[in-house]
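A.B. asks: So here's coords-v1.csv, just CSV, C-alpha atoms and all ligand atoms:
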```csv
chain,number,residue,atom,x,y,z
A,80,MET,CA,-7.0,-46.8,-140.6
A,81,GLN,CA,-3.5,-47.8,-141.0
A,82,GLN,CA,-2.7,-51.4,-140.3
A,83,ARG,CA,0.7,-53.0,-140.3
A,84,THR,CA,0.9,-56.3,-142.2
A,85,ILE,CA,2.2,-58.9,-139.8
A,86,ARG,CA,4.3,-61.6,-141.1
A,87,LEU,CA,2.7,-64.9,-140.0
A,88,SER,CA,4.8,-67.5,-138.4
A,89,GLY,CA,3.8,-71.1,-137.9
A,90,ARG,CA,4.2,-74.5,-139.6
A,91,GLN,CA,3.9,-75.2,-143.3
A,92,ALA,CA,3.3,-78.5,-144.8
A,93,ASP,CA,5.3,-80.0,-147.6
A,94,GLN,CA,4.0,-80.4,-151.2
A,95,ASP,CA,2.7,-83.9,-151.1
A,96,PHE,CA,0.7,-83.1,-148.0
A,97,PHE,CA,-0.8,-79.8,-149.1
A,98,ARG,CA,-3.4,-81.0,-151.5
A,99,PHE,CA,-7.0,-82.3,-151.6
A,100,GLU,CA,-7.9,-85.8,-152.6
A,101,GLU,CA,-11.0,-85.9,-154.8
A,102,ARG,CA,-13.3,-88.8,-155.2
A,103,GLY,CA,-16.7,-89.5,-156.7
A,104,GLU,CA,-17.8,-91.7,-153.8
A,105,LEU,CA,-17.4,-91.7,-150.1
A,106,ASP,CA,-14.2,-93.3,-148.8
A,107,TYR,CA,-14.0,-93.1,-145.0
A,108,GLY,CA,-10.4,-94.3,-145.0
A,109,LEU,CA,-9.5,-90.9,-146.5
A,110,VAL,CA,-11.4,-89.1,-143.7
A,111,LEU,CA,-9.4,-91.1,-141.1
A,112,ASP,CA,-6.3,-90.0,-142.9
A,113,VAL,CA,-7.3,-86.4,-142.2
A,114,LEU,CA,-8.1,-87.2,-138.6
A,115,HIS,CA,-4.7,-88.8,-138.2
A,116,GLY,CA,-2.9,-85.9,-139.8
A,117,ARG,CA,-1.8,-88.0,-142.8
A,118,ARG,CA,-3.4,-85.7,-145.4
A,119,LEU,CA,-4.8,-82.2,-145.6
A,120,GLY,CA,-8.2,-82.8,-147.0
A,121,VAL,CA,-10.6,-84.8,-149.1
A,122,ILE,CA,-13.7,-83.9,-151.1
A,123,PHE,CA,-16.3,-86.4,-152.2
A,124,ARG,CA,-18.2,-85.1,-155.2
A,125,ASP,CA,-21.9,-85.3,-155.7
A,126,VAL,CA,-22.5,-87.8,-152.9
A,127,ILE,CA,-25.6,-86.3,-151.4
A,128,PRO,CA,-28.7,-87.5,-153.3
A,129,PRO,CA,-30.7,-84.6,-154.9
A,130,ALA,CA,-33.8,-85.4,-152.9
A,131,ALA,CA,-31.9,-85.3,-149.6
A,132,ARG,CA,-30.2,-82.0,-150.5
A,133,LYS,CA,-33.6,-80.4,-151.4
A,134,ASP,CA,-35.3,-81.8,-148.3
A,135,LEU,CA,-32.6,-80.8,-145.9
A,136,THR,CA,-32.3,-77.3,-147.5
A,137,GLU,CA,-36.0,-76.7,-147.2
A,138,ARG,CA,-36.1,-77.9,-143.6
A,139,PHE,CA,-33.3,-75.4,-142.9
A,140,TRP,CA,-35.0,-72.4,-144.4
A,141,ALA,CA,-38.3,-73.3,-142.8
A,142,SER,CA,-36.8,-73.9,-139.3
A,143,PRO,CA,-38.3,-71.6,-136.6
A,144,ALA,CA,-34.9,-71.7,-135.0
A,145,ARG,CA,-33.1,-70.2,-138.0
A,146,GLN,CA,-31.2,-67.1,-136.9
A,147,HIS,CA,-30.0,-64.1,-138.7
A,148,ARG,CA,-28.5,-61.1,-137.0
A,149,GLU,CA,-28.0,-57.8,-138.8
A,150,GLY,CA,-24.4,-57.4,-139.7
A,151,GLU,CA,-23.5,-61.0,-139.3
A,152,PRO,CA,-22.6,-63.0,-142.3
A,153,SER,CA,-25.0,-65.9,-142.1
A,154,HIS,CA,-28.3,-67.5,-141.5
A,155,TYR,CA,-27.9,-70.5,-139.2
A,156,VAL,CA,-29.6,-73.2,-137.2
A,157,GLY,CA,-27.5,-74.6,-134.3
A,158,ALA,CA,-25.1,-73.3,-131.7
A,159,TYR,CA,-21.4,-72.6,-132.0
A,160,HIS,CA,-18.8,-72.7,-129.2
A,161,TRP,CA,-16.6,-70.0,-130.7
A,162,ASN,CA,-15.7,-67.2,-128.3
A,163,LYS,CA,-18.0,-68.1,-125.4
A,164,ASP,CA,-17.8,-70.2,-122.2
A,165,THR,CA,-18.7,-73.9,-122.2
A,166,ASP,CA,-21.8,-73.4,-120.1
A,167,THR,CA,-23.3,-70.9,-122.5
A,168,TYR,CA,-22.4,-73.1,-125.5
A,169,LEU,CA,-23.9,-76.3,-124.0
A,170,GLY,CA,-27.0,-74.4,-122.9
A,171,GLU,CA,-27.5,-73.0,-126.4
A,172,ALA,CA,-26.9,-76.5,-127.9
A,173,ALA,CA,-29.5,-78.0,-125.6
A,174,GLU,CA,-32.0,-75.3,-126.5
A,175,VAL,CA,-31.7,-75.8,-130.2
A,176,ALA,CA,-31.1,-79.5,-130.3
A,177,GLU,CA,-34.6,-80.5,-131.3
A,178,HIS,CA,-34.6,-78.0,-134.2
A,179,VAL,CA,-31.2,-79.2,-135.4
A,180,ARG,CA,-32.4,-82.8,-135.4
A,181,LYS,CA,-35.5,-81.8,-137.4
A,182,VAL,CA,-33.1,-80.5,-140.1
A,183,ILE,CA,-30.5,-83.3,-140.1
A,184,ASP,CA,-33.0,-86.1,-139.7
A,185,ALA,CA,-34.2,-85.7,-143.4
A,186,PRO,CA,-34.5,-89.0,-145.2
A,187,ASP,CA,-31.1,-90.2,-146.6
A,188,SER,CA,-29.4,-87.4,-144.5
A,189,PRO,CA,-25.7,-87.0,-145.3
A,190,TRP,CA,-25.1,-86.2,-141.6
A,191,HIS,CA,-26.3,-89.7,-140.5
A,192,LEU,CA,-24.7,-91.5,-143.4
A,193,PHE,CA,-21.3,-89.8,-143.0
A,194,ARG,CA,-21.1,-90.3,-139.3
A,195,GLN,CA,-22.1,-93.9,-139.6
A,196,GLY,CA,-19.4,-94.4,-142.2
A,197,VAL,CA,-16.7,-92.7,-140.0
A,198,ASN,CA,-17.8,-94.7,-137.0
A,199,GLU,CA,-17.5,-98.0,-138.9
A,200,ALA,CA,-14.0,-97.1,-140.2
A,201,LEU,CA,-13.0,-96.0,-136.7
A,202,ARG,CA,-14.2,-99.3,-135.2
A,203,GLU,CA,-11.6,-101.2,-137.1
A,204,GLU,CA,-9.0,-99.4,-135.1
A,205,GLY,CA,-10.9,-99.8,-131.8
A,206,ALA,CA,-12.2,-96.2,-131.8
A,207,SER,CA,-15.6,-94.5,-132.1
A,208,LEU,CA,-17.2,-91.1,-132.9
A,209,ARG,CA,-19.6,-89.4,-130.6
A,210,MET,CA,-20.7,-85.8,-129.7
A,211,ALA,CA,-18.5,-84.0,-127.2
A,212,ARG,CA,-20.0,-83.6,-123.8
A,213,MET,CA,-19.5,-82.2,-120.3
A,214,ASN,CA,-21.4,-82.9,-117.1
A,215,GLY,CA,-24.0,-84.9,-118.9
A,216,ARG,CA,-24.7,-82.2,-121.5
A,217,SER,CA,-23.9,-82.6,-125.2
A,218,ALA,CA,-22.3,-80.5,-127.9
A,219,CYS,CA,-24.5,-79.4,-130.8
A,220,ALA,CA,-24.9,-82.1,-133.5
A,221,ALA,CA,-24.4,-79.7,-136.4
A,222,LEU,CA,-24.4,-76.1,-137.5
A,223,ILE,CA,-26.4,-75.6,-140.6
A,224,ARG,CA,-25.5,-72.3,-142.3
A,225,ALA,CA,-26.0,-70.2,-145.3
A,226,TRP,CA,-23.5,-67.5,-146.1
A,227,ASP,CA,-24.6,-64.2,-147.6
A,228,LYS,CA,-21.8,-61.8,-146.9
A,229,GLU,CA,-20.5,-59.6,-149.7
A,230,GLY,CA,-16.8,-58.8,-150.3
A,231,ASP,CA,-13.8,-60.9,-151.1
A,232,PHE,CA,-14.7,-63.5,-148.6
A,233,SER,CA,-18.1,-64.7,-147.4
A,234,LEU,CA,-16.3,-66.3,-144.5
A,235,ASP,CA,-13.1,-64.5,-143.5
A,236,PRO,CA,-9.7,-66.3,-143.3
A,237,HIS,CA,-9.5,-68.1,-139.9
A,238,GLU,CA,-8.4,-71.3,-138.3
A,239,ASP,CA,-10.3,-73.7,-136.1
A,240,GLU,CA,-7.6,-74.4,-133.5
A,241,ALA,CA,-7.3,-71.1,-131.6
A,242,GLN,CA,-11.0,-71.3,-130.6
A,243,CYS,CA,-10.2,-74.5,-128.7
A,244,LYS,CA,-7.7,-72.7,-126.5
A,245,ASP,CA,-10.3,-70.4,-124.9
A,246,PRO,CA,-9.7,-70.5,-121.1
A,247,ARG,CA,-13.5,-70.1,-120.6
A,248,GLN,CA,-13.7,-73.6,-122.0
A,249,ALA,CA,-11.1,-75.2,-119.8
A,250,GLY,CA,-12.1,-78.8,-118.9
A,251,PHE,CA,-14.3,-79.2,-122.0
A,252,GLU,CA,-13.0,-82.3,-123.7
A,253,ILE,CA,-12.6,-80.6,-127.1
A,254,GLN,CA,-9.5,-78.9,-125.8
A,255,ARG,CA,-7.8,-82.3,-125.7
A,256,VAL,CA,-8.2,-82.4,-129.5
A,257,LEU,CA,-5.3,-79.8,-129.6
A,258,ASP,CA,-2.9,-82.8,-129.0
A,259,HIS,CA,-4.3,-84.4,-132.2
A,260,GLN,CA,-5.8,-83.0,-135.5
A,261,ILE,CA,-8.8,-80.8,-136.0
A,262,CYS,CA,-11.0,-82.0,-138.8
A,263,ALA,CA,-13.6,-79.7,-140.2
A,264,VAL,CA,-16.5,-81.4,-142.0
A,265,ASN,CA,-18.9,-79.7,-144.4
A,266,MET,CA,-21.8,-81.0,-146.5
A,267,CYS,CA,-23.1,-78.7,-149.2
A,268,THR,CA,-26.9,-79.0,-149.7
A,269,GLU,CA,-27.5,-75.8,-151.6
A,270,HIS,CA,-25.2,-73.8,-153.9
A,271,SER,CA,-25.4,-71.6,-156.9
A,272,ASP,CA,-22.1,-69.9,-157.7
A,273,GLY,CA,-18.7,-69.0,-156.2
A,274,GLY,CA,-18.0,-69.8,-152.5
A,275,ARG,CA,-14.9,-71.7,-153.1
A,276,LEU,CA,-13.0,-73.1,-150.1
A,277,VAL,CA,-9.7,-71.3,-149.9
A,278,ILE,CA,-6.9,-72.8,-147.7
A,279,TRP,CA,-3.4,-71.4,-147.1
A,280,ASN,CA,-0.4,-73.4,-146.3
A,281,ILE,CA,0.2,-72.2,-142.8
A,282,ARG,CA,-0.8,-73.4,-139.3
A,283,PRO,CA,-0.2,-70.2,-137.3
A,284,ASP,CA,1.5,-70.4,-134.0
A,285,ASP,CA,0.6,-68.7,-130.7
A,286,GLU,CA,3.0,-65.9,-131.2
A,287,THR,CA,1.3,-64.9,-134.4
A,288,ARG,CA,-2.1,-65.2,-132.8
A,289,ARG,CA,-0.9,-63.0,-129.9
A,290,SER,CA,0.4,-60.3,-132.2
A,291,LEU,CA,-2.9,-60.2,-134.0
A,292,GLY,CA,-4.9,-60.3,-130.7
A,293,ILE,CA,-6.8,-63.4,-131.9
A,294,GLU,CA,-5.4,-66.0,-129.4
A,295,ARG,CA,-8.8,-67.3,-128.4
A,296,THR,CA,-10.7,-66.8,-131.7
A,297,GLY,CA,-8.4,-67.5,-134.7
A,298,LEU,CA,-10.2,-64.9,-136.7
A,299,PRO,CA,-9.6,-62.9,-138.8
A,300,TYR,CA,-6.2,-63.2,-140.6
A,301,ALA,CA,-5.7,-60.4,-143.1
A,302,ALA,CA,-5.7,-61.3,-146.7
A,303,GLU,CA,-2.5,-59.3,-147.2
A,304,ALA,CA,-0.6,-61.3,-144.6
A,305,LEU,CA,-1.6,-64.5,-146.5
A,306,ALA,CA,-0.8,-63.2,-150.0
A,307,ASP,CA,2.7,-64.7,-150.2
A,308,LEU,CA,1.6,-68.2,-149.1
A,309,GLU,CA,0.8,-71.1,-151.2
A,310,GLU,CA,-3.0,-71.5,-151.4
A,311,LEU,CA,-5.6,-73.9,-152.8
A,312,ARG,CA,-9.0,-72.8,-154.1
A,313,LEU,CA,-11.5,-75.6,-154.3
A,314,GLU,CA,-14.8,-75.4,-156.1
A,315,ILE,CA,-17.6,-76.6,-153.9
A,316,ARG,CA,-20.8,-77.8,-155.5
A,317,GLU,CA,-24.2,-78.8,-154.3
A,318,GLY,CA,-24.0,-82.5,-153.1
A,319,ASP,CA,-20.3,-82.4,-152.1
A,320,ILE,CA,-19.0,-83.5,-148.7
A,321,TYR,CA,-15.5,-82.3,-147.7
A,322,ALA,CA,-13.3,-82.7,-144.7
A,323,PHE,CA,-10.0,-81.0,-144.0
A,324,ASN,CA,-7.5,-80.1,-141.4
A,325,GLY,CA,-8.9,-76.9,-139.8
A,326,ALA,CA,-5.7,-75.8,-138.2
A,327,PHE,CA,-4.6,-74.4,-141.6
A,328,VAL,CA,-5.9,-70.9,-142.3
A,329,HIS,CA,-9.0,-71.2,-144.5
A,330,ALA,CA,-11.9,-69.1,-145.8
A,331,VAL,CA,-14.8,-69.2,-148.2
A,332,ASP,CA,-14.5,-66.8,-151.1
A,333,ALA,CA,-17.3,-64.6,-152.5
A,334,ASN,CA,-20.5,-66.4,-153.5
A,335,THR,CA,-23.7,-65.4,-155.1
A,336,GLY,CA,-27.0,-66.9,-154.1
A,337,ASN,CA,-27.2,-69.3,-151.2
A,338,ARG,CA,-24.4,-71.6,-150.1
A,339,THR,CA,-25.9,-73.8,-147.5
A,340,THR,CA,-23.8,-76.4,-145.6
A,341,VAL,CA,-24.2,-78.8,-142.7
A,342,SER,CA,-21.0,-78.7,-140.7
A,343,PHE,CA,-19.3,-79.9,-137.6
A,344,ILE,CA,-15.7,-80.2,-136.3
A,345,MET,CA,-14.2,-83.4,-135.0
A,346,GLY,CA,-11.0,-84.8,-133.6
A,347,PHE,CA,-9.4,-87.5,-131.5
A,348,THR,CA,-9.2,-86.8,-127.7
A,349,ASP,CA,-7.4,-90.2,-127.2
A,350,PRO,CA,-6.7,-93.2,-129.5
A,351,ARG,CA,-10.1,-94.6,-128.8
A,352,THR,CA,-12.3,-91.5,-128.9
A,353,VAL,CA,-13.3,-89.0,-131.6
A,354,VAL,CA,-15.6,-86.2,-130.5
A,355,SER,CA,-17.5,-83.7,-132.6
A,356,TRP,CA,-18.8,-80.2,-131.8
A,357,THR,CA,-19.8,-77.1,-133.6
A,401,FE,FE,-13.4,-73.0,-140.1
```
Written as structure tokens, that's how I'd like the structure from this file.

C.D. replies:
Amino acid sequence: MQQRTIRLSGRQADQDFFRFEERGELDYGLVLDVLHGRRLGVIFRDVIPPAARKDLTERFWASPARQHREGEPSHYVGAYHWNKDTDTYLGEAAEVAEHVRKVIDAPDSPWHLFRQGVNEALREEGASLRMARMNGRSACAALIRAWDKEGDFSLDPHEDEAQCKDPRQAGFEIQRVLDHQICAVNMCTEHSDGGRLVIWNIRPDDETRRSLGIERTGLPYAAEALADLEELRLEIREGDIYAFNGAFVHAVDANTGNRTTVSFIMGFTDPRTVVSWT
């Protein structure tokens, strides 16, 4: 099949923004920088205690709610809002909520620790973090995933902004995050080799999405179209927690063995409120 390489248009960040801050301990001020659009991303190395990694990973693989569909690139526990209507997402989130809790409620869970830390940092500016909701129903707390797709990328290049423009999700408060920054959070509890985070210096605009037919999904962007752009490749290891601006095109490159992460997305809806979803 012949495919035309489309030149991507959008916004690019300057040099001092387009980098990851790296620390050996959690620093929630840096996460707030990502939420406020003051920096691209931050990675905290080896901050999940080994026992918590192991426990959480075991709970994930043992979960009766773990799903794997043939032809899809991952095993997962949780629900995702991508490419569906709000009602379906919130229904799926409710159905799986108890199972997600069983995984993330492991002792010394990074999910609890991290959210508590973000919440305390937010409190200093009069804001707080909670799960997104609609009509009394709550978004999913986390998506726990293990990638096993072969090829150049185990997760194809995409961005997390387009999926918040889906008209089937009109009125869902996560769409208000589009006026602020989208912050993707990942906690790696199991990892053997490869599976770097790749991030390209472009925030595609709607014109680009339209020409690719991915206005509502933000996936996939062809590797050839990204080839000329500045990129970062970040080694991810077991025990790391990282957060970054999900509006920039990003991917996970090839990995061997399991790469299991606990993830969610979060962003401000107004100066006092940060909501999270999956
Ligand atoms: Fe993403």

A.B. asks: Per residue of chain A within 9 Å of ligand FE 401 (chain A), what are the shortest atom pair and its distance in Å to one decimal, counting all atoms listed in the file, with rows by chain and residue number, as JSON lines?

C.D. replies:
```
{"residue": "A:Leu234", "atom": "CA", "partner": "A:FE401", "partner_atom": "FE", "distance": 8.5}
{"residue": "A:Pro236", "atom": "CA", "partner": "A:FE401", "partner_atom": "FE", "distance": 8.3}
{"residue": "A:His237", "atom": "CA", "partner": "A:FE401", "partner_atom": "FE", "distance": 6.3}
{"residue": "A:Glu238", "atom": "CA", "partner": "A:FE401", "partner_atom": "FE", "distance": 5.6}
{"residue": "A:Asp239", "atom": "CA", "partner": "A:FE401", "partner_atom": "FE", "distance": 5.1}
{"residue": "A:Glu240", "atom": "CA", "partner": "A:FE401", "partner_atom": "FE", "distance": 8.9}
{"residue": "A:Ala263", "atom": "CA", "partner": "A:FE401", "partner_atom": "FE", "distance": 6.7}
{"residue": "A:Gly325", "atom": "CA", "partner": "A:FE401", "partner_atom": "FE", "distance": 6.0}
{"residue": "A:Ala326", "atom": "CA", "partner": "A:FE401", "partner_atom": "FE", "distance": 8.4}
{"residue": "A:Val328", "atom": "CA", "partner": "A:FE401", "partner_atom": "FE", "distance": 8.1}
{"residue": "A:His329", "atom": "CA", "partner": "A:FE401", "partner_atom": "FE", "distance": 6.5}
{"residue": "A:Ala330", "atom": "CA", "partner": "A:FE401", "partner_atom": "FE", "distance": 7.1}
{"residue": "A:Ile344", "atom": "CA", "partner": "A:FE401", "partner_atom": "FE", "distance": 8.5}
```

A.B. asks: Do a neighbour search on Ala304 in chain A at 12 Å with all atoms listed in the file, toss out local chain neighbours closer than 2 positions, and write the hits as a PyMOL selection string.

C.D. replies: chain A and resi 82-88+236+279+281+283+287+291+299-302+306-309+328

A.B. asks: What is the CA of Ile223 in chain A-CA of Val182 in chain A distance in Å, reported with one decimal?

C.D. replies: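 These atoms are spaced 8.3 Å apart.
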
A.B. asks: Counting all atoms listed in the file, which residues of range 130-189 of chain A sit at most 12 Å from some atom of range 120-125 of chain A, and what is each one's closest atom pair with its distance in Å to one decimal, listed by chain and rising residue number, as CSV?

C.D. replies:
```
residue,atom,partner,partner_atom,distance
A:Ala131,CA,A:Asp125,CA,11.7
A:Arg132,CA,A:Asp125,CA,10.3
A:Pro189,CA,A:Asp125,CA,11.2
```

A.B. asks: Those residues you just picked out, can you put them in a file as a short mmCIF file (atom, residue, chain, number, x, y, z; two decimals), in the frame of the given file with C-alpha atoms?

C.D. replies:
```
data_model
loop_
_atom_site.label_atom_id
_atom_site.label_comp_id
_atom_site.auth_asym_id
_atom_site.auth_seq_id
_atom_site.Cartn_x
_atom_site.Cartn_y
_atom_site.Cartn_z
CA ALA A 131 -31.90 -85.30 -149.60
CA ARG A 132 -30.20 -82.00 -150.50
CA PRO A 189 -25.70 -87.00 -145.30
#
```

A.B. asks: Work out where the centre of an axis-aligned box around every listed atom of range 133-143 of chain A lies and how long its edges are once 5 Å is added on each side; give both in Å to one decimal as lines of an AutoDock Vina configuration file.

C.D. replies:
```
center_x = -35.3
center_y = -76.7
center_z = -144.0
size_x = 16.0
size_y = 20.2
size_z = 24.8
```

A.B. asks: Taking only C-alpha atoms into account, name the residue in A:Leu276, A:Thr335, A:Leu208, A:Ser342 that is nearest to Val179 in chain A.

C.D. replies: A:Ser342

A.B. asks: How many Å lie between CA of Arg275 in chain A and CA of Asn162 in chain A, rounded to one decimal?

C.D. replies: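 Those two atoms sit 25.2 Å apart.
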
A.B. asks: With a distance cut-off of 8 Å and all atoms listed in the file, select the neighbouring residues of range 166-176 of chain A, excluding the residue or stretch itself and same-chain residues fewer than 2 positions from it, and output the selection as a PDB file with C-alpha atoms, in the frame of the given file.

C.D. replies:
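And here is the file that came out, result-v1.pdb:
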```pdb
ATOM      1  CA  ALA A 144     -34.900 -71.700-135.000  1.00  0.00           C
ATOM      2  CA  VAL A 156     -29.600 -73.200-137.200  1.00  0.00           C
ATOM      3  CA  GLY A 157     -27.500 -74.600-134.300  1.00  0.00           C
ATOM      4  CA  ALA A 158     -25.100 -73.300-131.700  1.00  0.00           C
ATOM      5  CA  TYR A 159     -21.400 -72.600-132.000  1.00  0.00           C
ATOM      6  CA  HIS A 160     -18.800 -72.700-129.200  1.00  0.00           C
ATOM      7  CA  LYS A 163     -18.000 -68.100-125.400  1.00  0.00           C
ATOM      8  CA  ASP A 164     -17.800 -70.200-122.200  1.00  0.00           C
ATOM      9  CA  HIS A 178     -34.600 -78.000-134.200  1.00  0.00           C
ATOM     10  CA  VAL A 179     -31.200 -79.200-135.400  1.00  0.00           C
ATOM     11  CA  ARG A 180     -32.400 -82.800-135.400  1.00  0.00           C
ATOM     12  CA  ARG A 216     -24.700 -82.200-121.500  1.00  0.00           C
ATOM     13  CA  SER A 217     -23.900 -82.600-125.200  1.00  0.00           C
ATOM     14  CA  ALA A 218     -22.300 -80.500-127.900  1.00  0.00           C
ATOM     15  CA  CYS A 219     -24.500 -79.400-130.800  1.00  0.00           C
ATOM     16  CA  ALA A 220     -24.900 -82.100-133.500  1.00  0.00           C
TER      17      ALA A 220
END
```

A.B. asks: Rounded to one decimal in Å, what is the spacing between CA of Ala92 in chain A and CA of Phe327 in chain A?

C.D. replies: 9.5 Å

A.B. asks: Which residues are close to Pro246 in chain A, i.e. within 12 Å by all atoms listed in the file, leaving aside same-chain residues fewer than 5 positions away? Reply as a compact mmCIF listing (two decimals) with C-alpha atoms, in the coordinates of the input.

C.D. replies:
```
# COMPACT_ATOMS: atom_id res chain seq x y z
CA TRP A 161 -16.60 -70.00 -130.70
CA ASN A 162 -15.70 -67.20 -128.30
CA LYS A 163 -18.00 -68.10 -125.40
CA ASP A 164 -17.80 -70.20 -122.20
CA THR A 165 -18.70 -73.90 -122.20
CA ALA A 241 -7.30 -71.10 -131.60
CA PHE A 251 -14.30 -79.20 -122.00
CA GLN A 254 -9.50 -78.90 -125.80
CA GLU A 294 -5.40 -66.00 -129.40
CA ARG A 295 -8.80 -67.30 -128.40
CA THR A 296 -10.70 -66.80 -131.70
```

A.B. asks: With only C-alpha atoms as the atoms that count, which of A:Ser142, A:Asp285, A:Gly346, A:Gly273 lies nearest to Val113 in chain A?

C.D. replies: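 Closest residue, counting only C-alpha atoms: A:Gly346.
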
A.B. asks: Pick the closest to Ala322 in chain A from A:Asp106, A:Glu286, A:Asp258, A:Glu177: which is it, counting all atoms listed in the file?

C.D. replies: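 That would be A:Asp106, the residue with the smallest distance to Ala322 in chain A.
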